[in-house]
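J.: Structure: upload_18.pdb, PDB, C-alpha atoms.
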```pdb
ATOM      1  CA  MET W   1       5.730  11.438 -21.546
ATOM      2  CA  ALA W   2       4.234  11.764 -18.017
ATOM      3  CA  LEU W   3       0.908  10.272 -16.969
ATOM      4  CA  GLY W   4      -1.207  10.751 -13.844
ATOM      5  CA  PHE W   5      -2.872   7.572 -12.607
ATOM      6  CA  THR W   6      -4.467   5.755  -9.740
ATOM      7  CA  LEU W   7      -4.326   2.182 -10.874
ATOM      8  CA  VAL W   8      -3.499   0.721 -14.242
ATOM      9  CA  LEU W   9      -0.990   0.994 -17.043
ATOM     10  CA  GLY W  10      -1.524  -1.680 -19.682
ATOM     11  CA  GLY W  11       0.336  -4.720 -20.990
ATOM     12  CA  CYS W  12       3.075  -7.014 -19.729
ATOM     13  CA  GLY W  13       5.735  -9.145 -21.337
ATOM     14  CA  GLY W  14       9.381  -9.963 -21.495
ATOM     15  CA  ALA W  15      12.443  -7.910 -22.270
ATOM     16  CA  GLY W  16      12.499  -6.168 -25.600
ATOM     17  CA  SER W  17       8.928  -4.863 -25.394
ATOM     18  CA  SER W  18       8.433  -1.350 -26.628
ATOM     19  CA  ALA W  19       4.691  -0.721 -26.426
ATOM     20  CA  GLY W  20       3.652   2.597 -24.905
ATOM     21  CA  PRO W  21       1.439   2.982 -21.834
ATOM     22  CA  THR W  22      -2.350   3.057 -21.686
ATOM     23  CA  THR W  23      -4.565   4.219 -18.819
ATOM     24  CA  THR W  24      -7.969   3.253 -17.464
ATOM     25  CA  GLY W  25     -10.581   5.258 -15.573
ATOM     26  CA  GLY W  26     -10.364   6.497 -12.009
ATOM     27  CA  THR W  27      -9.477   9.700 -10.275
ATOM     28  CA  THR W  28      -6.118  11.244 -11.004
ATOM     29  CA  SER W  29      -3.459  10.778  -8.368
ATOM     30  CA  THR W  30      -0.531  13.013  -7.515
ATOM     31  CA  ILE W  31       1.725  10.074  -8.418
ATOM     32  CA  VAL W  32       3.308  10.392 -11.861
ATOM     33  CA  ALA W  33       4.727   7.643 -14.049
ATOM     34  CA  THR W  34       7.404   8.947 -16.387
ATOM     35  CA  GLU W  35       8.050   6.111 -18.832
ATOM     36  CA  ALA W  36       5.830   3.080 -18.505
ATOM     37  CA  GLY W  37       6.865  -0.129 -20.218
ATOM     38  CA  THR W  38       9.692  -2.626 -20.363
ATOM     39  CA  ASP W  39      13.117  -1.181 -20.998
ATOM     40  CA  SER W  40      14.303  -3.039 -24.090
ATOM     41  CA  THR W  41      17.957  -2.715 -23.102
ATOM     42  CA  SER W  42      17.754  -3.735 -19.441
ATOM     43  CA  GLY W  43      14.713  -6.035 -19.401
ATOM     44  CA  GLU W  44      13.251  -3.975 -16.546
ATOM     45  CA  GLU W  45       9.491  -4.251 -15.936
ATOM     46  CA  LYS W  46       7.554  -1.296 -14.561
ATOM     47  CA  TRP W  47       4.592  -2.034 -12.289
ATOM     48  CA  THR W  48       1.969   0.300 -10.856
ATOM     49  CA  GLY W  49      -1.080  -0.304  -8.742
ATOM     50  CA  SER W  50      -3.409   0.573  -5.921
ATOM     51  CA  VAL W  51      -3.846  -0.242  -2.252
ATOM     52  CA  ARG W  52      -7.187  -0.024  -0.472
ATOM     53  CA  TYR W  53      -7.808  -0.660   3.216
ATOM     54  CA  ALA W  54     -10.933  -0.883   5.345
ATOM     55  CA  GLY W  55     -10.672  -1.731   8.998
ATOM     56  CA  THR W  56     -11.114  -1.051  12.694
ATOM     57  CA  PHE W  57      -8.598   0.030  15.322
ATOM     58  CA  ASP W  58      -9.505  -0.703  18.951
ATOM     59  CA  HIS W  59      -7.757   1.520  21.491
ATOM     60  CA  ASP W  60      -7.529   0.551  25.161
ATOM     61  CA  THR W  61      -5.349   3.160  26.834
ATOM     62  CA  ARG W  62      -5.158   4.960  30.170
ATOM     63  CA  LEU W  63      -7.448   7.588  28.620
ATOM     64  CA  GLY W  64     -10.129   4.949  28.055
ATOM     65  CA  ALA W  65     -11.281   2.556  25.369
ATOM     66  CA  ALA W  66     -12.426   3.675  21.930
ATOM     67  CA  LYS W  67     -12.913   2.238  18.470
ATOM     68  CA  CYS W  68     -12.137   3.864  15.123
ATOM     69  CA  THR W  69     -13.153   2.600  11.699
ATOM     70  CA  THR W  70     -11.352   3.891   8.647
ATOM     71  CA  ARG W  71     -10.828   3.593   4.895
ATOM     72  CA  TRP W  72      -7.597   4.369   3.076
ATOM     73  CA  GLN W  73      -6.474   4.326  -0.517
ATOM     74  CA  GLY W  74      -3.143   4.823  -2.225
ATOM     75  CA  THR W  75      -0.819   4.094  -5.090
ATOM     76  CA  LEU W  76       2.374   2.142  -5.525
ATOM     77  CA  ARG W  77       4.959   1.790  -8.276
ATOM     78  CA  PHE W  78       8.057  -0.324  -8.580
ATOM     79  CA  ASN W  79      10.463  -1.777 -11.089
ATOM     80  CA  VAL W  80      11.460  -5.403 -11.468
ATOM     81  CA  GLY W  81      15.006  -5.504 -12.815
ATOM     82  CA  ALA W  82      16.604  -8.120 -15.030
ATOM     83  CA  ASP W  83      17.883  -9.699 -11.791
ATOM     84  CA  ASP W  84      14.238 -10.055 -10.591
ATOM     85  CA  VAL W  85      14.796  -7.584  -7.720
ATOM     86  CA  LEU W  86      11.929  -5.183  -6.899
ATOM     87  CA  ALA W  87      12.496  -1.526  -6.001
ATOM     88  CA  GLY W  88       9.970   1.292  -5.688
ATOM     89  CA  SER W  89       7.748   3.323  -3.377
ATOM     90  CA  GLY W  90       4.167   4.223  -2.568
ATOM     91  CA  ASP W  91       1.871   6.346  -0.481
ATOM     92  CA  ALA W  92      -1.635   6.175   0.953
ATOM     93  CA  HIS W  93      -4.068   8.603   2.550
ATOM     94  CA  GLN W  94      -7.189   8.351   4.642
ATOM     95  CA  VAL W  95     -10.470   8.865   2.799
ATOM     96  CA  ARG W  96     -12.888   8.199   5.677
ATOM     97  CA  VAL W  97     -12.753   7.822   9.470
ATOM     98  CA  ASN W  98     -15.287   7.428  12.253
ATOM     99  CA  CYS W  99     -13.900   7.564  15.806
ATOM    100  CA  GLN W 100     -15.403   7.289  19.282
ATOM    101  CA  PHE W 101     -12.811   9.716  20.644
ATOM    102  CA  LYS W 102     -14.184  13.055  21.817
ATOM    103  CA  GLN W 103     -11.493  14.946  19.941
ATOM    104  CA  LEU W 104     -11.739  14.956  16.157
ATOM    105  CA  PRO W 105      -9.049  12.975  14.346
ATOM    106  CA  ASP W 106      -6.701  14.716  11.930
ATOM    107  CA  PRO W 107      -8.534  15.219   8.636
ATOM    108  CA  ASN W 108      -5.939  13.974   6.169
ATOM    109  CA  PRO W 109      -3.283  11.656   7.575
ATOM    110  CA  ALA W 110      -0.961  10.079   5.012
ATOM    111  CA  VAL W 111       1.692   7.377   5.007
ATOM    112  CA  THR W 112       4.671   6.872   2.683
ATOM    113  CA  PHE W 113       6.526   3.603   2.209
ATOM    114  CA  THR W 114       9.251   1.900   0.200
ATOM    115  CA  ILE W 115       8.855  -1.303  -1.792
ATOM    116  CA  HIS W 116      11.477  -4.012  -2.161
ATOM    117  CA  GLY W 117      11.454  -7.728  -2.757
ATOM    118  CA  ARG W 118      11.965 -10.276  -5.492
ATOM    119  CA  ARG W 119      10.034 -11.828  -8.326
ATOM    120  CA  ARG W 120      10.123 -15.615  -8.554
ATOM    121  CA  SER W 121       8.374 -17.076 -11.597
ATOM    122  CA  ASP W 122       4.711 -16.112 -11.163
ATOM    123  CA  LEU W 123       5.083 -14.664  -7.643
ATOM    124  CA  LEU W 124       5.923 -11.121  -6.524
ATOM    125  CA  GLY W 125       7.251 -10.892  -2.963
ATOM    126  CA  LEU W 126       6.181  -7.303  -2.257
ATOM    127  CA  ARG W 127       7.943  -6.065   0.904
ATOM    128  CA  VAL W 128       6.473  -2.745   2.101
ATOM    129  CA  THR W 129       8.457  -0.758   4.668
ATOM    130  CA  PHE W 130       7.152   2.281   6.556
ATOM    131  CA  ALA W 131       8.954   5.480   5.514
ATOM    132  CA  GLY W 132       6.991   8.226   7.258
ATOM    133  CA  TYR W 133       3.808  10.141   7.924
ATOM    134  CA  GLY W 134       2.554  13.263   6.237
ATOM    135  CA  GLN W 135       2.016  16.540   8.077
ATOM    136  CA  THR W 136      -0.851  15.068  10.102
ATOM    137  CA  LYS W 137       0.388  12.028  11.984
ATOM    138  CA  HIS W 138      -2.534  10.903  14.138
ATOM    139  CA  ASP W 139      -3.630   7.735  12.403
ATOM    140  CA  TYR W 140      -6.456   6.867  14.804
ATOM    141  CA  GLY W 141      -7.809   4.302  12.352
ATOM    142  CA  GLY W 142      -4.610   2.260  12.505
ATOM    143  CA  PHE W 143      -3.794   1.941   8.798
ATOM    144  CA  ALA W 144      -0.032   1.969   9.337
ATOM    145  CA  VAL W 145      -0.249  -0.671  12.065
ATOM    146  CA  ALA W 146      -2.406  -2.844   9.803
ATOM    147  CA  PHE W 147      -0.606  -2.367   6.475
ATOM    148  CA  PHE W 148       2.860  -3.015   7.914
ATOM    149  CA  ASN W 149       1.550  -5.760  10.237
ATOM    150  CA  GLY W 150       2.783  -3.788  13.242
ATOM    151  CA  SER W 151       6.292  -3.498  11.754
ATOM    152  CA  LEU W 152       6.818   0.264  11.617
ATOM    153  CA  GLY W 153      10.605  -0.086  11.795
ATOM    154  CA  GLY W 154      13.014  -1.227   9.100
ATOM    155  CA  ARG W 155      11.798  -4.817   8.937
ATOM    156  CA  GLY W 156       8.670  -4.180   6.881
ATOM    157  CA  TYR W 157       6.067  -6.723   5.838
ATOM    158  CA  THR W 158       5.855  -8.934   2.730
ATOM    159  CA  TYR W 159       2.723  -9.496   0.665
ATOM    160  CA  PRO W 160       2.939 -12.490  -1.714
ATOM    161  CA  MET W 161       1.258 -11.538  -4.982
ATOM    162  CA  LYS W 162       0.557 -14.205  -7.599
ATOM    163  CA  VAL W 163       1.058 -12.900 -11.153
ATOM    164  CA  VAL W 164      -1.506 -13.910 -13.778
ATOM    165  CA  GLY W 165      -0.611 -12.552 -17.221
ATOM    166  CA  ASN W 166       0.039  -8.852 -16.792
ATOM    167  CA  ALA W 167      -1.636  -8.440 -13.413
ATOM    168  CA  ALA W 168      -1.606  -9.398  -9.751
ATOM    169  CA  HIS W 169      -4.509  -8.920  -7.335
ATOM    170  CA  ASP W 170      -5.266 -10.212  -3.853
ATOM    171  CA  SER W 171      -6.966  -9.315  -0.586
ATOM    172  CA  PHE W 172      -5.348  -9.942   2.779
ATOM    173  CA  HIS W 173      -7.052 -10.214   6.167
ATOM    174  CA  VAL W 174      -5.382  -8.175   8.923
ATOM    175  CA  ASP W 175      -5.421  -9.071  12.616
ATOM    176  CA  VAL W 176      -2.635  -7.324  14.550
ATOM    177  CA  ASP W 177      -2.026  -6.644  18.244
ATOM    178  CA  TYR W 178       0.066  -3.515  18.727
ATOM    179  CA  ALA W 179       1.714  -1.568  21.550
ATOM    180  CA  ASN W 180       1.775  -4.496  23.973
ATOM    181  CA  GLY W 181      -1.809  -5.413  23.187
ATOM    182  CA  ILE W 182      -3.430  -2.097  24.085
ATOM    183  CA  GLN W 183      -4.292  -1.478  20.441
ATOM    184  CA  HIS W 184      -5.706  -3.976  17.971
ATOM    185  CA  ALA W 185      -6.161  -3.617  14.197
ATOM    186  CA  THR W 186      -8.503  -5.759  12.103
ATOM    187  CA  GLY W 187      -9.466  -5.247   8.497
ATOM    188  CA  THR W 188      -8.745  -6.005   4.850
ATOM    189  CA  VAL W 189      -5.871  -4.865   2.642
ATOM    190  CA  ASP W 190      -6.642  -5.042  -1.076
ATOM    191  CA  LEU W 191      -3.735  -4.800  -3.558
ATOM    192  CA  GLU W 192      -4.096  -4.581  -7.321
ATOM    193  CA  LEU W 193      -1.084  -4.381  -9.672
ATOM    194  CA  ARG W 194      -0.442  -4.062 -13.391
ATOM    195  CA  CYS W 195       2.708  -4.525 -15.401
ATOM    196  CA  ALA W 196       3.215  -1.761 -17.987
ATOM    197  CA  CYS W 197       4.826  -3.803 -20.731
ATOM    198  CA  SER W 198       3.718  -5.752 -23.755
TER     199      SER W 198
END
```
How would this structure read if it were set down as structure tokens?

T.:
Amino acid sequence: MALGFTLVLGGCGGAGSSAGPTTTGGTTSTIVATEAGTDSTSGEEKWTGSVRYAGTFDHDTRLGAAKCTTRWQGTLRFNVGADDVLAGSGDAHQVRVNCQFKQLPDPNPAVTFTIHGRRRSDLLGLRVTFAGYGQTKHDYGGFAVAFFNGSLGGRGYTYPMKVVGNAAHDSFHVDVDYANGIQHATGTVDLELRCACS
């Protein structure tokens, strides 16, 4: 059974759970979950969630100084295996931008990323690694710089997420110098996760 979602699939528990998925309100995403829940044979947990970002990117280049403010939103999904290793992916797109540049920014930039890491007790170490841009690559608002903490290569950036019951939610302040200090990103990354098991 396939479900479209932006944020939540219900329930969380240990191996052997067999409850089906539930959904909450929100706009439908292009992301599709195929079988939410805990695999009773492998003990694998399936997590889904959202990322939201609001921030400012200051540019100080040879073309002059300018400031862009932006908002992004996206989805992420990953599995936690019986060995507590995380593996998954996500994507995000710009929903609003206001730039001081004379030229108009690209209307719909997007970013894709992979998710790896490890679960330790009540903590998810969520390592996000930049995978690529969509067709429009001019991220004047600096989401990619902010979300990956300036690490757009293979190193990625880890968000520690404390698990409470079947959920994990936190907001992270961003303050990143980029490109030898000629660009600076400040803002807030908000992550909200749900485990789809009972």

J.: Show which residues sit within 8 Å of Gly88 of chain W, as a list in words. Count only C-alpha atoms, and ignore same-chain residues fewer than 5 positions away.

T.: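 Neighbouring residues, sequence-local ones excluded: Leu76, Arg77, Phe78, Asn79, Thr114, Ile115 and His116 of chain W.
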
J.: Using all atoms listed in the file for the distances, tell me which of W:Leu152, W:Leu86, W:Ala146, W:Ala179 is nearest to Thr129 of chain W.

T.: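 With all atoms listed in the file as the atom set, the closest residue is W:Leu152.
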
J.: Using only C-alpha atoms, list the residues that have an atom at most 12 Å from (-5.8, 0.7, 16.5), coordinates as in the file, as JSON, numbers by chain.

T.: {"W": [55, 56, 57, 58, 59, 60, 61, 65, 66, 67, 68, 69, 70, 99, 100, 138, 139, 140, 141, 142, 143, 144, 145, 146, 147, 149, 150, 174, 175, 176, 177, 178, 179, 180, 181, 182, 183, 184, 185, 186, 187]}

J.: The selected residues should be written to file as a PDB file, in the frame of the given file (atoms: C-alpha atoms).

T.:
```
ATOM      1  CA  GLY W  55     -10.672  -1.731   8.998  1.00  0.00           C
ATOM      2  CA  THR W  56     -11.114  -1.051  12.694  1.00  0.00           C
ATOM      3  CA  PHE W  57      -8.598   0.030  15.322  1.00  0.00           C
ATOM      4  CA  ASP W  58      -9.505  -0.703  18.951  1.00  0.00           C
ATOM      5  CA  HIS W  59      -7.757   1.520  21.491  1.00  0.00           C
ATOM      6  CA  ASP W  60      -7.529   0.551  25.161  1.00  0.00           C
ATOM      7  CA  THR W  61      -5.349   3.160  26.834  1.00  0.00           C
ATOM      8  CA  ALA W  65     -11.281   2.556  25.369  1.00  0.00           C
ATOM      9  CA  ALA W  66     -12.426   3.675  21.930  1.00  0.00           C
ATOM     10  CA  LYS W  67     -12.913   2.238  18.470  1.00  0.00           C
ATOM     11  CA  CYS W  68     -12.137   3.864  15.123  1.00  0.00           C
ATOM     12  CA  THR W  69     -13.153   2.600  11.699  1.00  0.00           C
ATOM     13  CA  THR W  70     -11.352   3.891   8.647  1.00  0.00           C
ATOM     14  CA  CYS W  99     -13.900   7.564  15.806  1.00  0.00           C
ATOM     15  CA  GLN W 100     -15.403   7.289  19.282  1.00  0.00           C
ATOM     16  CA  HIS W 138      -2.534  10.903  14.138  1.00  0.00           C
ATOM     17  CA  ASP W 139      -3.630   7.735  12.403  1.00  0.00           C
ATOM     18  CA  TYR W 140      -6.456   6.867  14.804  1.00  0.00           C
ATOM     19  CA  GLY W 141      -7.809   4.302  12.352  1.00  0.00           C
ATOM     20  CA  GLY W 142      -4.610   2.260  12.505  1.00  0.00           C
ATOM     21  CA  PHE W 143      -3.794   1.941   8.798  1.00  0.00           C
ATOM     22  CA  ALA W 144      -0.032   1.969   9.337  1.00  0.00           C
ATOM     23  CA  VAL W 145      -0.249  -0.671  12.065  1.00  0.00           C
ATOM     24  CA  ALA W 146      -2.406  -2.844   9.803  1.00  0.00           C
ATOM     25  CA  PHE W 147      -0.606  -2.367   6.475  1.00  0.00           C
ATOM     26  CA  ASN W 149       1.550  -5.760  10.237  1.00  0.00           C
ATOM     27  CA  GLY W 150       2.783  -3.788  13.242  1.00  0.00           C
ATOM     28  CA  VAL W 174      -5.382  -8.175   8.923  1.00  0.00           C
ATOM     29  CA  ASP W 175      -5.421  -9.071  12.616  1.00  0.00           C
ATOM     30  CA  VAL W 176      -2.635  -7.324  14.550  1.00  0.00           C
ATOM     31  CA  ASP W 177      -2.026  -6.644  18.244  1.00  0.00           C
ATOM     32  CA  TYR W 178       0.066  -3.515  18.727  1.00  0.00           C
ATOM     33  CA  ALA W 179       1.714  -1.568  21.550  1.00  0.00           C
ATOM     34  CA  ASN W 180       1.775  -4.496  23.973  1.00  0.00           C
ATOM     35  CA  GLY W 181      -1.809  -5.413  23.187  1.00  0.00           C
ATOM     36  CA  ILE W 182      -3.430  -2.097  24.085  1.00  0.00           C
ATOM     37  CA  GLN W 183      -4.292  -1.478  20.441  1.00  0.00           C
ATOM     38  CA  HIS W 184      -5.706  -3.976  17.971  1.00  0.00           C
ATOM     39  CA  ALA W 185      -6.161  -3.617  14.197  1.00  0.00           C
ATOM     40  CA  THR W 186      -8.503  -5.759  12.103  1.00  0.00           C
ATOM     41  CA  GLY W 187      -9.466  -5.247   8.497  1.00  0.00           C
TER      42      GLY W 187
END
```

J.: Just give me the gap between atom CA of Val80 of chain W and atom CA of Lys46 of chain W in Å, one decimal is fine.

T.: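 It comes out at 6.5 Å.
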
J.: I would like the residues chosen by the PyMOL selection byres ((chain W and resi 193) around 9) on the shown file; could you give them as a ChimeraX atom specification?

T.: /W:7-8,47-51,76-77,161,163,166-169,191-192,194-195

J.: Mind pulling up the distance from atom CA of Ala131 of chain W to atom CA of Asn98 of chain W?

T.: 25.2 Å

J.: Just give me the gap between atom CA of Leu123 of chain W and atom CA of Ala54 of chain W in Å, one decimal is fine.

T.: 24.8 Å

J.: Leaving out Val95 of chain W and any residue of its chain fewer than 3 positions from it, which residues lie within 8 Å of it when counting all atoms listed in the file, given as a PyMOL selection string?

T.: chain W and resi 70-73+108

J.: What's the 7 Å shell around Phe148 of chain W, counting only C-alpha atoms, without same-chain residues fewer than 6 positions away, as an MDAnalysis selection string?

T.: chainID W and resid 128:130 156:157

J.: Taking only C-alpha atoms into account, which of W:Arg127, W:Arg118, W:Arg155, W:Arg52 comes nearest Phe172 of chain W?

T.: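 With only C-alpha atoms as the atom set, the closest residue is W:Arg52.
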